[in-house]
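K.L.:
Dropping in coords.pdb, which is PDB, C-alpha atoms and all ligand atoms:
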ATOM      1  CA  MET Y 193      24.648  15.178   7.295
ATOM      2  CA  ASN Y 194      26.644  17.937   5.679
ATOM      3  CA  GLU Y 195      27.536  15.623   2.849
ATOM      4  CA  ARG Y 196      23.902  14.775   2.215
ATOM      5  CA  VAL Y 197      22.954  18.416   2.269
ATOM      6  CA  ARG Y 198      25.615  19.192  -0.292
ATOM      7  CA  LEU Y 199      24.433  16.277  -2.394
ATOM      8  CA  LEU Y 200      20.867  17.485  -2.250
ATOM      9  CA  GLY Y 201      22.113  20.858  -3.402
ATOM     10  CA  ALA Y 202      23.843  19.250  -6.329
ATOM     11  CA  VAL Y 203      20.671  17.494  -7.429
ATOM     12  CA  ILE Y 204      18.634  20.660  -7.121
ATOM     13  CA  LEU Y 205      21.304  22.493  -9.046
ATOM     14  CA  GLY Y 206      21.187  19.735 -11.621
ATOM     15  CA  SER Y 207      17.472  19.977 -12.165
ATOM     16  CA  MET Y 208      17.776  23.707 -12.569
ATOM     17  CA  MET Y 209      20.592  23.313 -15.055
ATOM     18  CA  SER Y 210      18.732  20.744 -17.117
ATOM     19  CA  SER Y 211      15.941  23.228 -17.639
ATOM     20  CA  SER Y 212      18.284  25.764 -19.196
ATOM     21  CA  SER Y 213      19.343  25.629 -22.815
ATOM     22  CA  SER Y 214      22.897  24.654 -21.907
ATOM     23  CA  PRO Y 215      25.050  24.442 -18.798
ATOM     24  CA  SER Y 216      26.932  27.580 -19.843
ATOM     25  CA  ALA Y 217      23.657  29.530 -19.896
ATOM     26  CA  PHE Y 218      22.949  28.640 -16.295
ATOM     27  CA  ALA Y 219      22.963  31.571 -13.876
ATOM     28  CA  GLN Y 220      24.658  30.844 -10.582
ATOM     29  CA  PRO Y 221      22.074  30.977  -7.785
ATOM     30  CA  SER Y 222      22.805  32.751  -4.579
ATOM     31  CA  PHE Y 223      21.678  31.476  -1.199
ATOM     32  CA  VAL Y 224      21.975  34.673   0.768
ATOM     33  CA  THR Y 225      19.017  34.172   3.074
ATOM     34  CA  ARG Y 226      19.221  31.524   5.736
ATOM     35  CA  ARG Y 227      16.206  30.631   7.797
ATOM     36  CA  ASP Y 228      16.191  28.099  10.604
ATOM     37  CA  PHE Y 229      13.068  26.234  11.584
ATOM     38  CA  PHE Y 230      12.861  24.876  15.076
ATOM     39  CA  VAL Y 231      11.514  21.347  15.304
ATOM     40  CA  ASP Y 232      12.280  20.822  19.012
ATOM     41  CA  GLY Y 233      15.281  19.186  20.609
ATOM     42  CA  ARG Y 234      15.538  16.103  18.439
ATOM     43  CA  ALA Y 235      18.237  16.021  15.799
ATOM     44  CA  PRO Y 236      16.924  16.176  12.216
ATOM     45  CA  SER Y 237      18.428  13.369  10.154
ATOM     46  CA  ALA Y 238      16.781  13.494   6.718
ATOM     47  CA  VAL Y 239      14.344  15.614   4.760
ATOM     48  CA  ALA Y 240      11.955  15.214   1.833
ATOM     49  CA  THR Y 241       9.457  17.590   0.319
ATOM     50  CA  ALA Y 242       5.922  17.338  -1.085
ATOM     51  CA  ASP Y 243       2.622  19.163  -0.797
ATOM     52  CA  PHE Y 244       0.943  17.006   1.843
ATOM     53  CA  ASP Y 245      -1.992  19.312   2.570
ATOM     54  CA  ALA Y 246      -2.706  20.080  -1.098
ATOM     55  CA  ASP Y 247      -2.615  23.836  -0.625
ATOM     56  CA  GLY Y 248      -0.204  24.426  -3.477
ATOM     57  CA  ARG Y 249       2.784  25.043  -1.185
ATOM     58  CA  LEU Y 250       5.552  22.538  -0.651
ATOM     59  CA  ASP Y 251       5.830  21.119   2.860
ATOM     60  CA  LEU Y 252       8.759  19.381   4.537
ATOM     61  CA  ALA Y 253       8.920  15.886   6.001
ATOM     62  CA  VAL Y 254      11.793  15.625   8.466
ATOM     63  CA  THR Y 255      12.981  12.568  10.352
ATOM     64  CA  GLN Y 256      14.307  13.162  13.826
ATOM     65  CA  LYS Y 257      16.588  11.097  15.958
ATOM     66  CA  GLY Y 258      15.267  11.315  19.499
ATOM     67  CA  GLN Y 259      17.466  12.189  22.400
ATOM     68  CA  TYR Y 260      16.230   8.991  23.872
ATOM     69  CA  SER Y 261      17.119   7.837  27.330
ATOM     70  CA  ALA Y 262      15.707   4.978  29.367
ATOM     71  CA  GLY Y 263      12.493   5.860  31.132
ATOM     72  CA  THR Y 264      11.487   8.593  28.740
ATOM     73  CA  SER Y 265       8.803   8.312  26.116
ATOM     74  CA  VAL Y 266      10.481  10.522  23.546
ATOM     75  CA  HIS Y 267      10.341   8.501  20.373
ATOM     76  CA  ASP Y 268      12.255   8.983  17.218
ATOM     77  CA  GLN Y 269       9.767  10.588  14.903
ATOM     78  CA  LEU Y 270       8.879  11.965  11.535
ATOM     79  CA  VAL Y 271       7.512  15.475  11.514
ATOM     80  CA  ILE Y 272       5.758  17.460   8.782
ATOM     81  CA  LEU Y 273       6.370  21.184   8.558
ATOM     82  CA  ARG Y 274       3.586  22.722   6.522
ATOM     83  CA  GLY Y 275       4.418  25.577   4.233
ATOM     84  CA  ASP Y 276       3.055  28.694   5.884
ATOM     85  CA  PRO Y 277       0.184  30.027   3.744
ATOM     86  CA  ALA Y 278       0.613  33.484   5.276
ATOM     87  CA  SER Y 279       4.342  33.697   4.743
ATOM     88  CA  PRO Y 280       5.836  32.072   1.634
ATOM     89  CA  GLY Y 281       9.210  30.473   2.274
ATOM     90  CA  ARG Y 282       8.426  29.799   5.902
ATOM     91  CA  PHE Y 283       6.970  26.803   7.668
ATOM     92  CA  LEU Y 284       4.456  26.356  10.467
ATOM     93  CA  THR Y 285       5.644  24.966  13.771
ATOM     94  CA  PRO Y 286       4.566  21.331  14.131
ATOM     95  CA  ALA Y 287       3.145  19.737  17.241
ATOM     96  CA  THR Y 288       5.591  18.991  20.011
ATOM     97  CA  THR Y 289       4.091  15.578  20.734
ATOM     98  CA  VAL Y 290       2.700  12.862  18.499
ATOM     99  CA  ASP Y 291      -0.568  14.102  17.046
ATOM    100  CA  ASN Y 292      -0.717  11.964  13.882
ATOM    101  CA  LEU Y 293      -1.199  15.190  11.961
ATOM    102  CA  THR Y 294       2.225  16.750  11.926
ATOM    103  CA  ARG Y 295       4.169  14.266  14.009
ATOM    104  CA  PHE Y 296       4.364  10.492  13.667
ATOM    105  CA  ASP Y 297       6.000   7.697  15.599
ATOM    106  CA  VAL Y 298       8.098   5.555  13.310
ATOM    107  CA  GLY Y 299       9.666   2.209  14.040
ATOM    108  CA  ALA Y 300       8.626  -0.349  16.625
ATOM    109  CA  VAL Y 301      10.986   0.814  19.335
ATOM    110  CA  LEU Y 302      11.487   4.200  20.948
ATOM    111  CA  ASP Y 303      14.998   4.522  19.641
ATOM    112  CA  SER Y 304      14.310   3.454  16.046
ATOM    113  CA  ASN Y 305      16.847   5.908  14.642
ATOM    114  CA  PRO Y 306      15.258   7.092  11.374
ATOM    115  CA  VAL Y 307      17.982   7.994   8.900
ATOM    116  CA  ALA Y 308      16.255   8.452   5.564
ATOM    117  CA  VAL Y 309      12.896   9.553   4.188
ATOM    118  CA  ALA Y 310      11.446   9.447   0.683
ATOM    119  CA  VAL Y 311       8.235  10.532  -0.999
ATOM    120  CA  ALA Y 312       6.344   8.291  -3.404
ATOM    121  CA  ALA Y 313       2.822   7.779  -4.683
ATOM    122  CA  LEU Y 314       2.202   4.283  -3.335
ATOM    123  CA  ASP Y 315      -1.575   4.174  -3.612
ATOM    124  CA  ALA Y 316      -4.269   5.571  -5.848
ATOM    125  CA  THR Y 317      -4.881   8.730  -3.835
ATOM    126  CA  SER Y 318      -3.481  12.102  -4.744
ATOM    127  CA  THR Y 319      -1.962  12.619  -1.287
ATOM    128  CA  PRO Y 320       1.778  11.849  -1.328
ATOM    129  CA  ASP Y 321       2.998   8.935   0.764
ATOM    130  CA  LEU Y 322       6.199   8.702   2.800
ATOM    131  CA  ILE Y 323       8.716   5.970   3.410
ATOM    132  CA  CYS Y 324      10.996   6.266   6.425
ATOM    133  CA  ALA Y 325      14.070   4.063   7.051
ATOM    134  CA  ASN Y 326      14.568   3.113  10.705
ATOM    135  CA  SER Y 327      18.146   1.972  11.114
ATOM    136  CA  SER Y 328      18.010   0.773  14.720
ATOM    137  CA  ASP Y 329      14.771  -1.071  14.079
ATOM    138  CA  SER Y 330      15.745  -2.822  10.814
ATOM    139  CA  SER Y 331      12.521  -1.656   9.256
ATOM    140  CA  ILE Y 332      10.943   0.843   6.959
ATOM    141  CA  THR Y 333       7.715   2.612   7.864
ATOM    142  CA  VAL Y 334       5.256   3.579   5.149
ATOM    143  CA  ILE Y 335       3.149   6.577   6.111
ATOM    144  CA  ARG Y 336       0.262   6.617   3.658
ATOM    145  CA  ASN Y 337      -1.650   9.794   2.994
ATOM    146  CA  PRO Y 338      -0.368  11.900   5.859
ATOM    147  CA  ASP Y 339      -2.809  14.794   6.035
ATOM    148  CA  PRO Y 340      -1.342  17.433   8.341
ATOM    149  CA  VAL Y 341      -4.723  19.153   8.596
ATOM    150  CA  LEU Y 342      -7.307  16.416   8.867
ATOM    151  CA  GLY Y 343      -5.112  13.479   9.901
ATOM    152  CA  GLY Y 344      -5.842   9.900   8.910
ATOM    153  CA  ALA Y 345      -2.431   8.574   7.919
ATOM    154  CA  ILE Y 346      -1.956   4.825   7.726
ATOM    155  CA  LEU Y 347       1.352   3.551   9.119
ATOM    156  CA  THR Y 348       2.701   0.153   8.077
ATOM    157  CA  GLN Y 349       6.078  -1.334   8.918
ATOM    158  CA  TYR Y 350       8.144  -3.733   6.854
ATOM    159  CA  ALA Y 351      11.217  -5.600   8.069
ATOM    160  CA  THR Y 352      14.454  -5.083   6.165
ATOM    161  CA  PRO Y 353      17.270  -7.664   5.976
ATOM    162  CA  ALA Y 354      19.695  -5.420   7.874
ATOM    163  CA  THR Y 355      19.925  -1.855   9.127
ATOM    164  CA  PRO Y 356      18.509   0.467   6.447
ATOM    165  CA  GLN Y 357      20.653   3.449   5.544
ATOM    166  CA  ALA Y 358      19.133   4.973   2.414
ATOM    167  CA  LEU Y 359      16.107   4.765   0.121
ATOM    168  CA  ALA Y 360      15.349   5.027  -3.576
ATOM    169  CA  VAL Y 361      11.918   4.956  -5.162
ATOM    170  CA  GLY Y 362      10.906   4.161  -8.707
ATOM    171  CA  ASP Y 363       8.872   1.749 -10.777
ATOM    172  CA  PHE Y 364      11.633  -0.819 -11.019
ATOM    173  CA  ASN Y 365       9.530  -3.620 -12.529
ATOM    174  CA  ALA Y 366       7.708  -1.243 -14.896
ATOM    175  CA  ASP Y 367       4.215  -2.316 -13.871
ATOM    176  CA  GLY Y 368       3.014   1.256 -13.355
ATOM    177  CA  LYS Y 369       3.240   1.023  -9.559
ATOM    178  CA  MET Y 370       5.933   2.653  -7.477
ATOM    179  CA  ASP Y 371       8.486   0.426  -5.729
ATOM    180  CA  VAL Y 372      11.040   1.049  -2.969
ATOM    181  CA  ALA Y 373      14.706   0.037  -2.794
ATOM    182  CA  VAL Y 374      16.495   0.028   0.552
ATOM    183  CA  ALA Y 375      20.268   0.138   1.038
ATOM    184  CA  CYS Y 376      21.187  -1.638   4.248
ATOM    185  CA  GLY Y 377      24.265  -1.635   6.399
ATOM    186  CA  GLY Y 378      25.667  -4.530   8.335
ATOM    187  CA  SER Y 379      28.097  -7.161   7.210
ATOM    188  CA  PRO Y 380      27.622  -7.753   4.399
ATOM    189  CA  GLY Y 381      25.638  -4.757   3.236
ATOM    190  CA  ARG Y 382      22.490  -5.628   1.374
ATOM    191  CA  VAL Y 383      19.938  -4.049  -0.894
ATOM    192  CA  ALA Y 384      16.289  -5.070  -0.598
ATOM    193  CA  VAL Y 385      13.695  -4.169  -3.202
ATOM    194  CA  PHE Y 386      10.031  -3.928  -2.287
ATOM    195  CA  LYS Y 387       7.357  -4.040  -4.971
ATOM    196  CA  GLY Y 388       4.393  -1.745  -4.595
ATOM    197  CA  ASP Y 389       0.912  -3.104  -5.345
ATOM    198  CA  GLY Y 390      -0.481   0.313  -6.235
ATOM    199  CA  LEU Y 391      -2.839   0.145  -3.272
ATOM    200  CA  GLY Y 392      -0.295   1.181  -0.659
ATOM    201  CA  SER Y 393       1.227  -2.176   0.293
ATOM    202  CA  LEU Y 394       4.741  -3.417  -0.347
ATOM    203  CA  VAL Y 395       6.144  -6.928  -0.695
ATOM    204  CA  GLN Y 396       9.822  -7.787  -1.034
ATOM    205  CA  GLU Y 397      10.835  -8.779  -4.542
ATOM    206  CA  GLY Y 398      12.922 -11.946  -4.299
ATOM    207  CA  SER Y 399      15.963 -12.142  -2.043
ATOM    208  CA  SER Y 400      18.070  -9.194  -1.021
ATOM    209  CA  TYR Y 401      21.289  -8.441  -2.892
ATOM    210  CA  ASN Y 402      24.670  -8.941  -1.243
ATOM    211  CA  MET Y 403      26.903  -5.897  -1.658
ATOM    212  CA  THR Y 404      29.997  -7.800  -0.460
ATOM    213  CA  GLY Y 405      31.455  -4.761   1.243
ATOM    214  CA  ASN Y 406      30.097  -3.592   4.546
ATOM    215  CA  ASN Y 407      27.486  -0.949   4.912
ATOM    216  CA  ALA Y 408      25.567   0.051   1.820
ATOM    217  CA  THR Y 409      25.344   3.725   2.711
ATOM    218  CA  GLY Y 410      23.676   5.208  -0.320
ATOM    219  CA  ILE Y 411      21.414   4.297  -3.217
ATOM    220  CA  ALA Y 412      20.115   6.112  -6.267
ATOM    221  CA  THR Y 413      18.100   5.104  -9.307
ATOM    222  CA  GLY Y 414      18.182   5.846 -12.996
ATOM    223  CA  ASP Y 415      18.354   3.987 -16.289
ATOM    224  CA  PHE Y 416      22.112   3.973 -16.312
ATOM    225  CA  ASP Y 417      22.541   1.587 -19.247
ATOM    226  CA  GLN Y 418      19.731   3.223 -21.211
ATOM    227  CA  ASP Y 419      17.873  -0.025 -21.891
ATOM    228  CA  GLY Y 420      14.528   1.366 -20.782
ATOM    229  CA  LYS Y 421      14.589  -0.295 -17.350
ATOM    230  CA  LEU Y 422      15.394   1.465 -14.096
ATOM    231  CA  ASP Y 423      18.641   0.395 -12.438
ATOM    232  CA  LEU Y 424      20.131   1.105  -9.027
ATOM    233  CA  ALA Y 425      23.506   2.571  -8.092
ATOM    234  CA  VAL Y 426      24.795   1.662  -4.634
ATOM    235  CA  ILE Y 427      27.810   2.824  -2.672
ATOM    236  CA  THR Y 428      29.430   0.725   0.022
ATOM    237  CA  ARG Y 429      31.595   2.695   2.354
ATOM    238  CA  ALA Y 430      33.884   0.035   3.763
ATOM    239  CA  ASP Y 431      35.279  -1.168   0.435
ATOM    240  CA  ARG Y 432      34.824   2.225  -1.237
ATOM    241  CA  THR Y 433      32.898   0.850  -4.156
ATOM    242  CA  LEU Y 434      30.149   1.908  -6.513
ATOM    243  CA  ARG Y 435      28.053  -1.015  -7.690
ATOM    244  CA  PHE Y 436      25.146  -1.179 -10.078
ATOM    245  CA  LEU Y 437      22.064  -3.317  -9.781
ATOM    246  CA  ARG Y 438      21.173  -3.620 -13.424
ATOM    247  CA  ARG Y 439      17.569  -4.540 -14.087
ATOM    248  CA  LYS Y 440      17.510  -7.889 -15.881
ATOM    249  CA  ALA Y 441      16.249  -8.083 -19.440
ATOM    250  CA  ASN Y 442      13.518 -10.502 -18.320
ATOM    251  CA  ASN Y 443      12.480  -7.972 -15.634
ATOM    252  CA  GLN Y 444      12.968 -10.593 -12.886
ATOM    253  CA  GLY Y 445      15.184  -8.756 -10.410
ATOM    254  CA  PHE Y 446      18.654  -7.279 -10.840
ATOM    255  CA  ASN Y 447      22.196  -8.379 -11.647
ATOM    256  CA  VAL Y 448      24.851  -6.911  -9.348
ATOM    257  CA  ILE Y 449      27.705  -5.374 -11.339
ATOM    258  CA  PHE Y 450      30.910  -3.814 -10.075
ATOM    259  CA  GLY Y 451      31.072  -0.163 -11.049
ATOM    260  CA  ARG Y 452      34.276   1.388  -9.817
ATOM    261  CA  GLN Y 453      36.306   2.185  -6.778
ATOM    262  CA  VAL Y 454      35.457   5.494  -5.135
ATOM    263  CA  ASN Y 455      38.198   7.046  -3.037
ATOM    264  CA  PRO Y 456      38.055   8.401  -0.464
ATOM    265  CA  GLU Y 457      35.055   6.900   1.258
ATOM    266  CA  PRO Y 458      31.718   7.464  -0.483
ATOM    267  CA  VAL Y 459      29.081   8.644   1.980
ATOM    268  CA  ALA Y 460      26.075   9.622  -0.128
ATOM    269  CA  ILE Y 461      24.867   9.295  -3.713
ATOM    270  CA  ALA Y 462      22.288  10.865  -5.991
ATOM    271  CA  ALA Y 463      21.477  10.546  -9.681
ATOM    272  CA  ALA Y 464      19.971  13.115 -11.989
ATOM    273  CA  ASP Y 465      19.912  13.809 -15.694
ATOM    274  CA  VAL Y 466      21.825  17.047 -15.456
ATOM    275  CA  PHE Y 467      23.710  17.370 -18.701
ATOM    276  CA  ASP Y 468      22.187  16.865 -22.127
ATOM    277  CA  GLY Y 469      23.845  16.329 -25.470
ATOM    278  CA  ALA Y 470      25.584  13.549 -27.325
ATOM    279  CA  GLN Y 471      28.313  13.236 -24.718
ATOM    280  CA  PHE Y 472      25.872  13.094 -21.851
ATOM    281  CA  VAL Y 473      23.164  10.571 -22.564
ATOM    282  CA  GLY Y 474      21.295   9.362 -19.520
ATOM    283  CA  PRO Y 475      21.564  10.235 -15.831
ATOM    284  CA  GLU Y 476      24.718  11.399 -14.098
ATOM    285  CA  ILE Y 477      25.676  10.017 -10.692
ATOM    286  CA  PHE Y 478      26.909  12.300  -7.940
ATOM    287  CA  ILE Y 479      28.849  10.865  -5.031
ATOM    288  CA  ALA Y 480      29.786  12.788  -1.916
ATOM    289  CA  ARG Y 481      33.098  11.551  -0.556
ATOM    290  CA  ASP Y 482      34.387  11.789   2.969
ATOM    291  CA  HIS Y 483      34.967  15.457   3.526
ATOM    292  CA  GLY Y 484      37.489  14.695   6.236
ATOM    293  CA  VAL Y 485      39.886  13.908   3.438
ATOM    294  CA  ASP Y 486      39.149  16.327   0.626
ATOM    295  CA  GLY Y 487      35.507  17.373   0.866
ATOM    296  CA  ALA Y 488      34.955  16.285  -2.694
ATOM    297  CA  LEU Y 489      31.790  15.795  -4.675
ATOM    298  CA  SER Y 490      32.376  13.466  -7.600
ATOM    299  CA  MET Y 491      30.382  13.072 -10.770
ATOM    300  CA  VAL Y 492      30.508   9.651 -12.361
ATOM    301  CA  ARG Y 493      29.493   8.922 -15.904
TER     302      ARG Y 493
HETATM  303 CA    CA Y 501       1.385  22.358   1.502
HETATM  304 CA    CA Y 502      -1.170   8.409  -1.366
HETATM  305 CA    CA Y 503       6.485  -1.327  -9.796
HETATM  306 CA    CA Y 504      18.569  -0.004 -17.269
END
Take the structure I supplied and represent it as structure tokens, if you would.
Ligand SMILES: [Ca+2]
Ligand SMILES: [Ca+2]
Ligand SMILES: [Ca+2]
Ligand SMILES: [Ca+2]

P.N.:
Amino acid sequence: MNERVRLLGAVILGSMMSSSSSPSAFAQPSFVTRRDFFVDGRAPSAVATADFDADGRLDLAVTQKGQYSAGTSVHDQLVILRGDPASPGRFLTPATTVDNLTRFDVGAVLDSNPVAVAVAALDATSTPDLICANSSDSSITVIRNPDPVLGGAILTQYATPATPQALAVGDFNADGKMDVAVACGGSPGRVAVFKGDGLGSLVQEGSSYNMTGNNATGIATGDFDQDGKLDLAVITRADRTLRFLRRKANNQGFNVIFGRQVNPEPVAIAAADVFDGAQFVGPEIFIARDHGVDGALSMVR
């Protein structure tokens, strides 16, 4: 997960830079204070942030891989850490067992292995919704309107064509309703796109897209060709390739286009419009490469 953490840092850095007048005017942040938040013995695997309890403070949604063993009832879970109203920058300790307030079962099996989480507004309510990718369950779980104070979340599962590895959200068909794209591993790797209906339900848009190489490990979205339609950028680890799913002009799905080789192995991807100016129109793509080789973070234009 170190690569993903670094990637997240790059995107945050990017958003901060884009708000300054120019990259050269950007002041280097310092991260001198480290705080650890204990979320019990399960390994955290992915994190997203939103204000789920509408108190004006950002909260954390964290997926956890259970230390599952036969005969136990310790599920893989998603947990919400509420921002502590009494102590800015800190988070309240969530429940230790499923309470459907701060802790949710995801996936259909105990060992569903959640590996990615994303926030999106999937219905008409103001409460943010969550999408969790369960790699051992070949599913995504939508957690609608998780309210860590009052409860009442609605969990719905959708099957994916292979083992999901990463998520991207956006209004890909430009109908005003948020959609979800899922990068899946397996052989061959696939990308499935689910259309949102604006009421909280998803339905897969057409067939999934064959990524040829094994294991689509990362996905990001942006209008990379600047035609006004959101596209997808996908990395496949086995053949070390960046591919684009370019939204078709008729808005009926995507065309898969080879992007470039990425060496060494790409492990995570993000896109953000970091740099402005004539040379830098549109979003940049950041790819974390296998740190066992050179620990590099690449930017692709
Ligand atoms: Ca909050
Ligand atoms: Ca909602
Ligand atoms: Ca849509
Ligand atoms: Ca486009």

K.L.:
With the file shown as input, list the residues that the PyMOL selection byres (((chain Y and resi 371) around 7) and not hetatm) selects, as a PyMOL selection string.

P.N.:
chain Y and resi 361-364+369-370+372-373+386-388

K.L.:
Would you mind listing the residues within 8 Å of ligand CA 504 (chain Y), counting all atoms listed in the file, as a PyMOL selection string?

P.N.:
chain Y and resi 414-423+438-439

K.L.:
With only C-alpha atoms and all ligand atoms as the atoms that count, which of Y:Gly248, Y:Pro280, Y:Pro236, Y:Gly398 lies nearest to ligand CA 501 (chain Y)?

P.N.:
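Of all the options, Y:Gly248 lies closest to ligand CA 501 (chain Y).
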
K.L.:
Please check which protein, DNA or RNA residues sit within 10 Å of ligand CA 502 (chain Y), counting only C-alpha atoms and all ligand atoms, and write them as a PyMOL selection string.

P.N.:
chain Y and resi 244+311-322+335-339+345-346+390-392

K.L.:
How many Å separate CA of Pro380 in chain Y from CA of Tyr401 in chain Y?

P.N.:
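Computing the Euclidean distance for CA of Pro380 in chain Y and CA of Tyr401 in chain Y yields 9.7 Å.
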
K.L.:
May I ask for the distance between CA of Leu252 in chain Y and CA of Glu476 in chain Y, given in Å to one decimal place?

P.N.:
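For CA of Leu252 in chain Y relative to CA of Glu476 in chain Y, the distance reads 25.8 Å.
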
K.L.:
Using all atoms listed in the file, find each residue in chain Y having at least one atom no more than 8 Å away from ligand CA 501 (chain Y); report its shortest atom-to-atom pair and that distance in Å (one decimal), rows by chain then rising number, as CSV.

P.N.:
residue,atom,partner,partner_atom,distance
Y:Ala242,CA,Y:CA501,CA,7.2
Y:Asp243,CA,Y:CA501,CA,4.1
Y:Phe244,CA,Y:CA501,CA,5.4
Y:Asp245,CA,Y:CA501,CA,4.7
Y:Ala246,CA,Y:CA501,CA,5.4
Y:Asp247,CA,Y:CA501,CA,4.8
Y:Gly248,CA,Y:CA501,CA,5.6
Y:Arg249,CA,Y:CA501,CA,4.0
Y:Leu250,CA,Y:CA501,CA,4.7
Y:Asp251,CA,Y:CA501,CA,4.8
Y:Arg274,CA,Y:CA501,CA,5.5
Y:Gly275,CA,Y:CA501,CA,5.2
Y:Asp276,CA,Y:CA501,CA,7.9

K.L.:
Nearest residue to Leu342 in chain Y out of Y:Ile461, Y:Leu293, Y:Ala480, Y:Ala430, using only C-alpha atoms?

P.N.:
Y:Leu293

K.L.:
Interatomic distance between CA of Phe230 in chain Y and CA of Thr255 in chain Y?

P.N.:
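Value for the CA of Phe230 in chain Y-CA of Thr255 in chain Y distance: 13.2 Å.
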
K.L.:
Excluding Phe436 in chain Y and any residue of its chain fewer than 3 positions from it, enumerate the residues within 12 Å of it, using all atoms listed in the file, and give them as a PyMOL selection string.

P.N.:
chain Y and resi 383+401-403+408+410-417+422-428+433+439-440+446-452+477

K.L.:
Which one is closest to ligand CA 503 (chain Y): Y:Ser237, Y:Thr333, Y:Ser328, Y:Ser393? Count all atoms listed in the file.

P.N.:
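Closest to ligand CA 503 (chain Y), using all atoms listed in the file: Y:Ser393.
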
K.L.:
For ligand CA 503 (chain Y), which residue out of Y:Asp367, Y:Ala460, Y:Ala441, Y:Phe467 is the nearest one, using all atoms listed in the file?

P.N.:
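Once distances to ligand CA 503 (chain Y) are computed over all atoms listed in the file, the minimum belongs to Y:Asp367.
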
K.L.:
For ligand CA 503 (chain Y), which of Y:Val385, Y:Leu284, Y:Leu347, Y:Ala354 is the closest residue, counting all atoms listed in the file?

P.N.:
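Of all the options, Y:Val385 lies closest to ligand CA 503 (chain Y).
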
K.L.:
Given all atoms listed in the file as the basis, pick out the residue of Y:Gly368, Y:Gly281, Y:Gly258, Y:Pro306 nearest to ligand CA 503 (chain Y).

P.N.:
Y:Gly368

K.L.:
On this structure, which residues satisfy the PyMOL selection byres (((chain Y and resi 239) around 12) and not hetatm), written as a VMD selection string?

P.N.:
chain Y and resid 193 196 to 197 200 235 to 238 240 to 242 251 to 256 270 to 273 306 to 311 322 to 325 358 to 359

K.L.:
Using all atoms listed in the file, collect all residues at a distance of at most 10 Å from (7.4, 2.5, 15.4) as written in the file, then present them as an MDAnalysis selection string.

P.N.:
chainID Y and resid 267:269 296:304 306 326 329 331:333 347:349
